[in-house]
$ cat target.json   # JSON, C-alpha atoms
[["chain", "number", "residue", "atom", "x", "y", "z"],
["A", 1, "MET", "CA", 0.00, 0.00, 0.00],
["A", 2, "ASP", "CA", 1.52, 3.38, -1.02],
["A", 3, "PHE", "CA", 1.45, 6.55, 1.10],
["A", 4, "GLU", "CA", -1.65, 8.10, -0.46],
["A", 5, "SER", "CA", -3.60, 4.84, -0.36],
["A", 6, "LEU", "CA", -2.75, 4.42, 3.32],
["A", 7, "ALA", "CA", -3.64, 8.04, 4.10],
["A", 8, "ASN", "CA", -7.05, 7.60, 2.44],
["A", 9, "SER", "CA", -7.91, 4.38, 4.23],
["A", 10, "ARG", "CA", -9.70, 3.70, 7.52],
["A", 11, "LEU", "CA", -6.53, 1.87, 8.64],
["A", 12, "GLY", "CA", -4.41, 4.94, 7.97],
["A", 13, "ILE", "CA", -6.75, 7.24, 9.88],
["A", 14, "GLY", "CA", -6.94, 4.75, 12.74],
["A", 15, "MET", "CA", -3.15, 4.60, 12.93],
["A", 16, "ALA", "CA", -2.94, 8.40, 12.84],
["A", 17, "LEU", "CA", -5.57, 8.69, 15.57],
["A", 18, "SER", "CA", -3.83, 6.20, 17.86],
["A", 19, "ALA", "CA", -0.37, 7.67, 17.29],
["A", 20, "SER", "CA", -1.44, 11.28, 17.75],
["A", 21, "ARG", "CA", -3.31, 10.58, 20.98],
["A", 22, "ALA", "CA", -0.15, 9.05, 22.47],
["A", 23, "MET", "CA", 2.32, 11.64, 21.14],
["A", 24, "PRO", "CA", 3.24, 14.99, 22.72],
["A", 25, "ARG", "CA", 2.23, 17.97, 20.63],
["A", 26, "ALA", "CA", 5.80, 19.09, 19.83],
["A", 27, "ALA", "CA", 6.70, 15.60, 18.67],
["A", 28, "GLY", "CA", 3.57, 15.43, 16.53],
["A", 29, "TYR", "CA", 4.38, 18.69, 14.80],
["A", 30, "ALA", "CA", 7.95, 17.58, 14.18],
["A", 31, "LEU", "CA", 6.71, 14.31, 12.67],
["A", 32, "ALA", "CA", 4.31, 16.23, 10.42],
["A", 33, "GLN", "CA", 7.22, 18.30, 9.15],
["A", 34, "ARG", "CA", 9.36, 15.22, 8.43],
["A", 35, "VAL", "CA", 6.57, 13.52, 6.51],
["A", 36, "ALA", "CA", 5.82, 16.75, 4.64],
["A", 37, "ARG", "CA", 9.45, 17.12, 3.59],
["A", 38, "ARG", "CA", 9.49, 13.57, 2.24],
["A", 39, "VAL", "CA", 6.21, 13.91, 0.33],
["A", 40, "ALA", "CA", 7.04, 17.36, -1.07],
["A", 41, "LYS", "CA", 10.27, 16.02, -2.59],
["A", 42, "ASP", "CA", 8.35, 13.56, -4.78],
["A", 43, "ARG", "CA", 6.95, 15.85, -7.46],
["A", 44, "MET", "CA", 5.32, 12.90, -9.26],
["A", 45, "LEU", "CA", 2.91, 12.11, -6.41],
["A", 46, "PRO", "CA", -0.58, 13.23, -7.45],
["A", 47, "MET", "CA", -1.02, 15.03, -4.13],
["A", 48, "THR", "CA", 2.25, 16.93, -4.49],
["A", 49, "ARG", "CA", 1.53, 17.82, -8.11],
["A", 50, "ALA", "CA", -1.94, 19.09, -7.17],
["A", 51, "ILE", "CA", -0.63, 21.24, -4.31],
["A", 52, "ARG", "CA", 2.12, 22.71, -6.49],
["A", 53, "ALA", "CA", -0.40, 23.59, -9.23],
["A", 54, "ASN", "CA", -2.83, 25.10, -6.73],
["A", 55, "GLN", "CA", -0.11, 27.23, -5.14],
["A", 56, "TRP", "CA", 1.14, 28.27, -8.59],
["A", 57, "VAL", "CA", -2.27, 29.67, -9.54],
["A", 58, "VAL", "CA", -2.90, 31.28, -6.16],
["A", 59, "SER", "CA", 0.47, 33.04, -6.38],
["A", 60, "GLY", "CA", -0.49, 34.60, -9.70],
["A", 61, "ARG", "CA", 1.93, 32.23, -11.47],
["A", 62, "LYS", "CA", 4.85, 34.05, -9.86],
["A", 63, "LEU", "CA", 6.60, 31.34, -7.83],
["A", 64, "SER", "CA", 9.88, 29.87, -9.03],
["A", 65, "PRO", "CA", 10.35, 26.06, -8.98],
["A", 66, "ALA", "CA", 12.31, 26.35, -5.71],
["A", 67, "GLU", "CA", 9.60, 28.56, -4.21],
["A", 68, "LEU", "CA", 6.97, 26.06, -5.31],
["A", 69, "ASP", "CA", 8.91, 23.28, -3.59],
["A", 70, "GLN", "CA", 8.91, 25.31, -0.39],
["A", 71, "ALA", "CA", 5.23, 26.21, -0.77],
["A", 72, "ALA", "CA", 4.27, 22.54, -1.22],
["A", 73, "TYR", "CA", 6.30, 21.61, 1.85],
["A", 74, "GLN", "CA", 4.62, 24.31, 3.94],
["A", 75, "VAL", "CA", 1.13, 23.27, 2.81],
["A", 76, "LEU", "CA", 1.87, 19.62, 3.63],
["A", 77, "ALA", "CA", 3.42, 20.49, 6.99],
["A", 78, "ASN", "CA", 0.40, 22.62, 7.88],
["A", 79, "SER", "CA", -1.96, 19.86, 6.74],
["A", 80, "GLY", "CA", -0.15, 17.41, 9.00],
["A", 81, "ARG", "CA", -0.39, 19.81, 11.92],
["A", 82, "PHE", "CA", -4.11, 20.34, 11.32],
["A", 83, "LEU", "CA", -4.72, 16.59, 11.32],
["A", 84, "PHE", "CA", -2.57, 16.05, 14.38],
["A", 85, "ASP", "CA", -4.48, 18.72, 16.31],
["A", 86, "LEU", "CA", -7.78, 17.18, 15.20],
["A", 87, "PHE", "CA", -6.81, 13.66, 16.27],
["A", 88, "HIS", "CA", -4.66, 14.50, 19.30],
["A", 89, "LEU", "CA", -7.38, 16.15, 21.36],
["A", 90, "PRO", "CA", -9.51, 13.98, 23.62],
["A", 91, "GLU", "CA", -13.26, 14.17, 23.21],
["A", 92, "GLY", "CA", -15.05, 16.98, 25.01],
["A", 93, "ALA", "CA", -15.63, 20.70, 24.78],
["A", 94, "ASP", "CA", -12.93, 21.74, 27.26],
["A", 95, "ALA", "CA", -10.14, 20.14, 25.21],
["A", 96, "VAL", "CA", -11.41, 21.55, 21.93],
["A", 97, "PHE", "CA", -11.78, 25.10, 23.22],
["A", 98, "ARG", "CA", -8.17, 25.06, 24.38],
["A", 99, "LEU", "CA", -7.30, 25.23, 20.68],
["A", 100, "VAL", "CA", -10.35, 27.05, 19.25],
["A", 101, "LYS", "CA", -11.17, 30.70, 20.00],
["A", 102, "ARG", "CA", -14.74, 31.42, 20.97],
["A", 103, "ASP", "CA", -14.63, 35.02, 19.75],
["A", 104, "GLU", "CA", -17.23, 37.42, 18.32],
["A", 105, "THR", "CA", -17.18, 35.81, 14.86],
["A", 106, "PHE", "CA", -17.81, 32.42, 16.45],
["A", 107, "GLU", "CA", -20.72, 33.77, 18.51],
["A", 108, "ARG", "CA", -22.09, 35.66, 15.52],
["A", 109, "LEU", "CA", -22.40, 32.48, 13.44],
["A", 110, "LEU", "CA", -24.23, 30.84, 16.33],
["A", 111, "ARG", "CA", -26.67, 33.77, 16.42],
["A", 112, "LEU", "CA", -27.16, 33.82, 12.64],
["A", 113, "SER", "CA", -27.85, 30.09, 12.66],
["A", 114, "ALA", "CA", -30.44, 30.48, 15.40],
["A", 115, "GLU", "CA", -32.20, 33.35, 13.65],
["A", 116, "GLY", "CA", -33.07, 31.59, 10.41],
["A", 117, "PRO", "CA", -32.08, 29.26, 7.59],
["A", 118, "LEU", "CA", -28.53, 29.46, 6.34],
["A", 119, "VAL", "CA", -26.12, 27.69, 4.01],
["A", 120, "VAL", "CA", -22.50, 27.62, 5.20],
["A", 121, "ALA", "CA", -19.92, 27.00, 2.45],
["A", 122, "GLY", "CA", -16.64, 25.91, 3.99],
["A", 123, "ILE", "CA", -13.21, 26.03, 2.38],
["A", 124, "HIS", "CA", -10.23, 23.79, 3.11],
["A", 125, "LEU", "CA", -8.26, 26.50, 4.88],
["A", 126, "GLY", "CA", -7.01, 25.84, 8.38],
["A", 127, "ASN", "CA", -8.84, 23.34, 10.56],
["A", 128, "PHE", "CA", -12.51, 23.64, 9.70],
["A", 129, "ASP", "CA", -13.21, 20.17, 11.13],
["A", 130, "LEU", "CA", -11.90, 21.19, 14.55],
["A", 131, "VAL", "CA", -13.73, 24.52, 14.57],
["A", 132, "GLY", "CA", -16.88, 22.74, 13.40],
["A", 133, "ARG", "CA", -16.55, 20.41, 16.35],
["A", 134, "ALA", "CA", -16.26, 23.44, 18.64],
["A", 135, "LEU", "CA", -19.41, 24.94, 17.11],
["A", 136, "ALA", "CA", -21.25, 21.67, 17.73],
["A", 137, "TYR", "CA", -20.12, 21.62, 21.37],
["A", 138, "ALA", "CA", -21.46, 25.20, 21.65],
["A", 139, "GLY", "CA", -24.90, 23.98, 20.58],
["A", 140, "TRP", "CA", -24.70, 24.50, 16.81],
["A", 141, "ARG", "CA", -26.85, 22.03, 14.93],
["A", 142, "ALA", "CA", -26.28, 21.59, 11.20],
["A", 143, "GLN", "CA", -26.53, 19.02, 8.46],
["A", 144, "VAL", "CA", -23.13, 18.51, 6.85],
["A", 145, "LEU", "CA", -23.21, 17.33, 3.25],
["A", 146, "SER", "CA", -20.01, 15.34, 2.73],
["A", 147, "VAL", "CA", -18.54, 13.72, -0.38],
["A", 148, "PRO", "CA", -20.60, 10.89, -1.91],
["A", 149, "ASP", "CA", -19.26, 7.35, -1.50],
["A", 150, "PRO", "CA", -16.66, 8.34, 1.13],
["A", 151, "ASN", "CA", -13.49, 6.28, 1.35],
["A", 152, "GLY", "CA", -12.29, 4.82, 4.65],
["A", 153, "ALA", "CA", -10.53, 7.98, 5.75],
["A", 154, "TYR", "CA", -13.53, 10.21, 5.06],
["A", 155, "GLU", "CA", -15.91, 7.82, 6.79],
["A", 156, "GLN", "CA", -13.68, 7.76, 9.87],
["A", 157, "GLN", "CA", -13.67, 11.56, 9.94],
["A", 158, "ASN", "CA", -17.44, 11.62, 9.41],
["A", 159, "GLU", "CA", -17.83, 9.42, 12.49],
["A", 160, "MET", "CA", -15.80, 11.92, 14.51],
["A", 161, "ARG", "CA", -18.05, 14.73, 13.28],
["A", 162, "ARG", "CA", -21.14, 12.79, 14.30],
["A", 163, "GLN", "CA", -19.71, 12.14, 17.76],
["A", 164, "ALA", "CA", -19.39, 15.90, 18.25],
["A", 165, "GLY", "CA", -23.07, 16.40, 17.43],
["A", 166, "LEU", "CA", -23.04, 17.20, 13.71],
["A", 167, "GLU", "CA", -25.41, 15.39, 11.35],
["A", 168, "VAL", "CA", -23.20, 14.14, 8.51],
["A", 169, "THR", "CA", -24.84, 12.87, 5.32],
["A", 170, "PRO", "CA", -22.90, 11.96, 2.15],
["A", 171, "VAL", "CA", -24.42, 13.64, -0.89],
["A", 172, "SER", "CA", -27.27, 11.61, -2.37],
["A", 173, "VAL", "CA", -30.81, 12.19, -3.63],
["A", 174, "ARG", "CA", -32.11, 11.44, -0.16],
["A", 175, "SER", "CA", -29.67, 13.70, 1.71],
["A", 176, "LEU", "CA", -30.30, 16.58, -0.70],
["A", 177, "ALA", "CA", -34.04, 16.29, -0.11],
["A", 178, "GLN", "CA", -33.30, 16.26, 3.61],
["A", 179, "ALA", "CA", -31.14, 19.40, 3.25],
["A", 180, "ALA", "CA", -33.88, 21.22, 1.33],
["A", 181, "ARG", "CA", -36.39, 20.31, 4.03],
["A", 182, "ARG", "CA", -34.01, 21.48, 6.76],
["A", 183, "LEU", "CA", -33.64, 24.89, 5.10],
["A", 184, "ARG", "CA", -37.41, 25.22, 4.70],
["A", 185, "GLU", "CA", -37.71, 24.56, 8.44],
["A", 186, "GLY", "CA", -35.16, 27.25, 9.32],
["A", 187, "GLY", "CA", -32.08, 25.07, 9.80],
["A", 188, "VAL", "CA", -28.45, 25.16, 8.69],
["A", 189, "VAL", "CA", -26.77, 23.15, 5.93],
["A", 190, "VAL", "CA", -22.99, 22.98, 5.54],
["A", 191, "THR", "CA", -21.15, 21.95, 2.40],
["A", 192, "GLY", "CA", -17.85, 22.60, 0.65],
["A", 193, "LEU", "CA", -17.02, 25.30, -1.85],
["A", 194, "ASP", "CA", -13.50, 24.60, -3.10],
["A", 195, "ARG", "CA", -13.18, 20.84, -3.66],
["A", 196, "PRO", "CA", -13.13, 20.11, -7.43],
["A", 197, "ILE", "CA", -15.62, 17.57, -8.74],
["A", 198, "PRO", "CA", -15.14, 15.11, -11.62],
["A", 199, "GLU", "CA", -18.23, 16.04, -13.65],
["A", 200, "PRO", "CA", -19.00, 19.69, -12.94],
["A", 201, "GLU", "CA", -22.24, 21.29, -13.97],
["A", 202, "ALA", "CA", -20.22, 24.31, -15.13],
["A", 203, "GLN", "CA", -16.84, 25.95, -14.73],
["A", 204, "VAL", "CA", -16.53, 28.59, -12.01],
["A", 205, "ARG", "CA", -13.93, 31.33, -12.34],
["A", 206, "PHE", "CA", -11.64, 31.10, -9.33],
["A", 207, "PHE", "CA", -8.42, 33.11, -9.01],
["A", 208, "GLY", "CA", -8.95, 34.15, -12.62],
["A", 209, "GLU", "CA", -9.06, 30.57, -13.96],
["A", 210, "PRO", "CA", -12.02, 28.29, -14.78],
["A", 211, "ALA", "CA", -12.32, 25.55, -12.18],
["A", 212, "PRO", "CA", -14.61, 22.48, -11.87],
["A", 213, "LEU", "CA", -16.11, 23.59, -8.57],
["A", 214, "PRO", "CA", -19.48, 22.48, -7.19],
["A", 215, "LEU", "CA", -22.65, 24.52, -7.43],
["A", 216, "LEU", "CA", -24.46, 22.54, -4.74],
["A", 217, "HIS", "CA", -24.25, 25.26, -2.09],
["A", 218, "VAL", "CA", -25.59, 27.81, -4.58],
["A", 219, "ARG", "CA", -28.43, 25.61, -5.82],
["A", 220, "LEU", "CA", -29.57, 24.88, -2.26],
["A", 221, "ALA", "CA", -29.49, 28.57, -1.32],
["A", 222, "MET", "CA", -31.25, 29.71, -4.50],
["A", 223, "LYS", "CA", -34.02, 27.14, -4.16],
["A", 224, "ALA", "CA", -34.65, 27.96, -0.50],
["A", 225, "ASN", "CA", -34.03, 31.70, -0.95],
["A", 226, "VAL", "CA", -31.53, 31.81, 1.91],
["A", 227, "PRO", "CA", -28.13, 33.52, 2.28],
["A", 228, "VAL", "CA", -24.74, 31.82, 2.16],
["A", 229, "VAL", "CA", -21.86, 32.38, 4.56],
["A", 230, "VAL", "CA", -18.36, 31.43, 3.33],
["A", 231, "ALA", "CA", -16.26, 30.10, 6.21],
["A", 232, "SER", "CA", -12.71, 29.00, 7.00],
["A", 233, "ALA", "CA", -10.74, 28.24, 10.15],
["A", 234, "PRO", "CA", -7.23, 29.73, 10.01],
["A", 235, "LEU", "CA", -4.46, 29.04, 12.50],
["A", 236, "ASP", "CA", -3.25, 32.19, 14.22],
["A", 237, "GLU", "CA", 0.29, 32.92, 15.33],
["A", 238, "ASP", "CA", -0.61, 32.08, 18.93],
["A", 239, "GLY", "CA", -1.23, 28.45, 17.91],
["A", 240, "ARG", "CA", -5.02, 28.58, 18.19],
["A", 241, "TYR", "CA", -7.68, 28.36, 15.48],
["A", 242, "ARG", "CA", -10.48, 30.81, 14.90],
["A", 243, "LEU", "CA", -13.55, 30.98, 12.72],
["A", 244, "GLU", "CA", -13.44, 33.38, 9.78],
["A", 245, "THR", "CA", -16.62, 34.14, 7.86],
["A", 246, "SER", "CA", -17.97, 36.37, 5.15],
["A", 247, "GLU", "CA", -21.06, 38.45, 5.63],
["A", 248, "PRO", "CA", -24.27, 36.55, 4.75],
["A", 249, "ILE", "CA", -24.51, 36.77, 0.94],
["A", 250, "GLU", "CA", -27.94, 36.74, -0.68],
["A", 251, "MET", "CA", -28.33, 34.92, -3.98],
["A", 252, "GLU", "CA", -29.23, 37.13, -6.94],
["A", 253, "GLY", "CA", -31.29, 36.23, -10.02],
["A", 254, "ASP", "CA", -31.22, 32.77, -11.55],
["A", 255, "ASP", "CA", -27.57, 32.52, -12.67],
["A", 256, "ALA", "CA", -25.99, 29.88, -10.43],
["A", 257, "VAL", "CA", -22.49, 30.38, -11.86],
["A", 258, "ALA", "CA", -22.57, 34.13, -11.25],
["A", 259, "ASN", "CA", -23.64, 33.53, -7.66],
["A", 260, "ALA", "CA", -20.94, 30.88, -7.26],
["A", 261, "GLU", "CA", -18.30, 33.31, -8.47],
["A", 262, "ARG", "CA", -19.43, 35.93, -5.96],
["A", 263, "LEU", "CA", -18.93, 33.38, -3.21],
["A", 264, "ALA", "CA", -15.65, 32.21, -4.71],
["A", 265, "ALA", "CA", -14.37, 35.78, -4.47],
["A", 266, "GLU", "CA", -14.80, 35.59, -0.70],
["A", 267, "ALA", "CA", -12.87, 32.31, -0.66],
["A", 268, "GLU", "CA", -10.12, 33.94, -2.75],
["A", 269, "ARG", "CA", -9.75, 36.70, -0.18],
["A", 270, "MET", "CA", -9.33, 34.20, 2.66],
["A", 271, "ILE", "CA", -6.91, 31.96, 0.76],
["A", 272, "ALA", "CA", -4.79, 34.85, -0.54],
["A", 273, "ALA", "CA", -4.24, 36.01, 3.04],
["A", 274, "ARG", "CA", -2.89, 32.57, 4.09],
["A", 275, "PRO", "CA", -2.10, 30.52, 0.97],
["A", 276, "ARG", "CA", 0.07, 27.97, 2.82],
["A", 277, "GLN", "CA", -2.88, 27.09, 5.08],
["A", 278, "TRP", "CA", -5.04, 26.14, 2.09],
["A", 279, "ALA", "CA", -4.91, 22.38, 2.64],
["A", 280, "MET", "CA", -6.42, 21.33, -0.68],
["A", 281, "PRO", "CA", -4.84, 18.04, -1.88],
["A", 282, "HIS", "CA", -6.76, 17.90, -5.20],
["A", 283, "ALA", "CA", -6.01, 19.82, -8.38],
["A", 284, "VAL", "CA", -8.51, 22.67, -8.47],
["A", 285, "TRP", "CA", -7.34, 23.63, -11.98],
["A", 286, "PRO", "CA", -6.66, 20.31, -13.80],
["A", 287, "HIS", "CA", -5.76, 22.13, -17.04],
["A", 288, "VAL", "CA", -2.90, 24.06, -15.42],
["A", 289, "GLU", "CA", 0.63, 22.79, -15.97],
["A", 290, "VAL", "CA", 3.34, 24.07, -13.67],
["A", 291, "PRO", "CA", 6.58, 24.95, -15.49]]

$ encode --input "target.json" --output "C-alpha cells"
Amino acid sequence: MDFESLANSRLGIGMALSASRAMPRAAGYALAQRVARRVAKDRMLPMTRAIRANQWVVSGRKLSPAELDQAAYQVLANSGRFLFDLFHLPEGADAVFRLVKRDETFERLLRLSAEGPLVVAGIHLGNFDLVGRALAYAGWRAQVLSVPDPNGAYEQQNEMRRQAGLEVTPVSVRSLAQAARRLREGGVVVTGLDRPIPEPEAQVRFFGEPAPLPLLHVRLAMKANVPVVVASAPLDEDGRYRLETSEPIEMEGDDAVANAERLAAEAERMIAARPRQWAMPHAVWPHVEVP
C-alpha cells in the first residue's frame, strides 16, 4: 500500500488517531514536518503535483520552482499539523476550546444560525473540522453534506463529526431532499465550496481561472431563498484556530455560476491572506501545468 492509499484508508486514519493521541504535541508537529518534507520532494505524487499547481495559480503564477517546492512543503506540513491537532485532542468541549477561540465571529455564526435558515460553504483552509466540532459543542446544529461514496478515511472523519453532534450525510438524492427540508424549516446546511468535482455542472472562475467547482451550495441557497456564509478556520500565530466568515450573501437572479463566483471571491480573499494554510490536496485547476 503506497502513502496516499494508506492516508485515504480507515486503517491509515486509525493509525494516525492512535499515534497522535499518544504523542506529545511538539513531537507530533515535528513528525508532520518530516513527513511533509518527504512527500514534497516527490513531485510525481498526485497530491504533491496538485498542491504545487494550486499554489502556482494562487500566487499569480509568480513562484519559481524552488519557491513552489517550499510552498508545497509548507502546505503539507500545515496539513499534518491540522490533522494532528484534530486527532490528538480527547473528546469533550474543554479540550477543543483550548485550541479554538470562541470570539465574536464564532458567537455571531451561532446567532445567525439560530435566527433563520442558512447555508454555510466551507473552504479547506485551516482546521474547519476542529472549529466545526467546537461549534457543535457550543450547541450548533447543522446538516453537513459530505462527499458521496466516502473512502475509509472520510468515513472515519465523518464518524468523529457525528460524535461531536453534527449530522453528517454523504451527498445523495435522499440527503439533498433532507437538506432542502431542513432549510425550509429554518435550519443550517454545511457543504464545501473549493473541492473540485469530476463532472462539474459548469466551470466557475476562481483566481482568474475556470475551475470544476461544485454549485451545490448555490443551488440549495437559491431554491430555498436563503443567504450563504463562506467560512474558513485559520491558524493564528498564537497556535489557536479561529472561525473566519464572510457576511451573509444573498443569492441574486437565476444565474448559479454568477452567484458561485461571488462566493468564490470571498474564498479567494481568505486563501490569498494565508495561501500555505489552504490544505487542498486535489487539483482545483486540472488544465494548469506548472513549469

$ atom_distance --input "target.json" --atom1 "atom CA of A:Val168" --atom2 "atom CA of A:Arg182"
13.2 Å

$ closest_atom_pairs --input "target.json" --of "stretch 141-227 of chain A" --to "stretch 59-81 of chain A" --cutoff "12 Å" --atoms "all atoms listed in the file" --output "Markdown table"
| residue | atom | partner | partner_atom | distance |
| --- | --- | --- | --- | --- |
| A:Phe206 | CA | A:Gly60 | CA | 11.7 |
| A:Phe207 | CA | A:Gly60 | CA | 8.1 |
| A:Gly208 | CA | A:Gly60 | CA | 9.0 |
| A:Glu209 | CA | A:Gly60 | CA | 10.4 |

$ closest_residue --input "target.json" --among "A:Asp194, A:Asp236, A:Glu91, A:Glu266" --to "A:Ile123" --atoms "all atoms listed in the file"
A:Asp194

$ axis_aligned_box --input "target.json" --around "stretch 216-232 of chain A" --padding-each-side "5 Å" --output "lines of an AutoDock Vina configuration file"
center_x = -23.7
center_y = 28.0
center_z = 0.6
size_x = 31.9
size_y = 21.0
size_z = 22.8

$ closest_residue --input "target.json" --among "A:Ala53, A:Val173, A:Val100, A:Ala93" --to "A:Val290" --atoms "all atoms listed in the file"
A:Ala53

$ closest_atom_pairs --input "target.json" --of "stretch 106-199 of chain A" --to "stretch 82-89 of chain A" --cutoff "10 Å" --atoms "only C-alpha atoms" --output "tab-separated table"
residue	atom	partner	partner_atom	distance
A:Leu125	CA	A:Phe82	CA	9.8
A:Gly126	CA	A:Phe82	CA	6.9
A:Asn127	CA	A:Phe82	CA	5.7
A:Phe128	CA	A:Phe82	CA	9.2
A:Asp129	CA	A:Leu86	CA	7.4
A:Leu130	CA	A:Leu86	CA	5.8
A:Val131	CA	A:Leu86	CA	9.5
A:Arg133	CA	A:Leu86	CA	9.4
A:Gln157	CA	A:Phe87	CA	9.6
A:Met160	CA	A:Phe87	CA	9.3

$ residues_near_point --input "target.json" --point "(-3.7, 29.7, 10.0)" --cutoff "9 Å" --atoms "all atoms listed in the file" --output "list in words"
Asn78, Leu125, Gly126, Asn127, Ala233, Pro234, Leu235, Asp236, Glu237, Gly239, Arg240, Tyr241, Arg242, Arg274, Arg276, Gln277 and Trp278 of chain A

$ atom_distance --input "target.json" --atom1 "atom CA of A:Ala27" --atom2 "atom CA of A:Lys41"
21.6 Å

$ atom_distance --input "target.json" --atom1 "atom CA of A:Leu118" --atom2 "atom CA of A:Pro196"
22.7 Å

$ residues_around --input "target.json" --residues "A:Arg43" --least-positions-apart "5" --cutoff "10 Å" --atoms "all atoms listed in the file" --output "PyMOL selection string"
chain A and resi 48-52+69+72

$ closest_residue --input "target.json" --among "A:Pro148, A:Gly28, A:Gly122, A:Pro198" --to "A:Val284" --atoms "only C-alpha atoms"
A:Pro198

$ residues_around --input "target.json" --residues "A:Val229" --least-positions-apart "4" --cutoff "6 Å" --atoms "only C-alpha atoms" --output "ChimeraX atom specification"
/A:120,246,248

$ closest_residue --input "target.json" --among "A:Leu109, A:Leu215, A:Leu166, A:Leu135" --to "A:Asn259" --atoms "all atoms listed in the file"
A:Leu215

$ closest_residue --input "target.json" --among "A:Val257, A:Leu176, A:Ile249, A:Leu213" --to "A:Trp285" --atoms "all atoms listed in the file"
A:Leu213

$ residues_around --input "target.json" --residues "A:Val228" --least-positions-apart "4" --cutoff "12 Å" --atoms "only C-alpha atoms" --output "VMD selection string"
chain A and resid 109 112 to 113 116 to 122 183 188 to 193 216 to 222 224 245 to 252 259 to 260 262 to 264 266

$ residues_around --input "target.json" --residues "A:Leu145" --least-positions-apart "6" --cutoff "6 Å" --atoms "only C-alpha atoms" --output "short mmCIF file (atom, residue, chain, number, x, y, z; two decimals) with C-alpha atoms, in the frame of the given file"
data_model
loop_
_atom_site.label_atom_id
_atom_site.label_comp_id
_atom_site.auth_asym_id
_atom_site.auth_seq_id
_atom_site.Cartn_x
_atom_site.Cartn_y
_atom_site.Cartn_z
CA THR A 169 -24.84 12.87 5.32
CA PRO A 170 -22.90 11.96 2.15
CA VAL A 171 -24.42 13.64 -0.89
CA THR A 191 -21.15 21.95 2.40
#

$ closest_residue --input "target.json" --among "A:Glu244, A:Glu185, A:Glu115, A:Glu167" --to "A:Asp103" --atoms "all atoms listed in the file"
A:Glu244
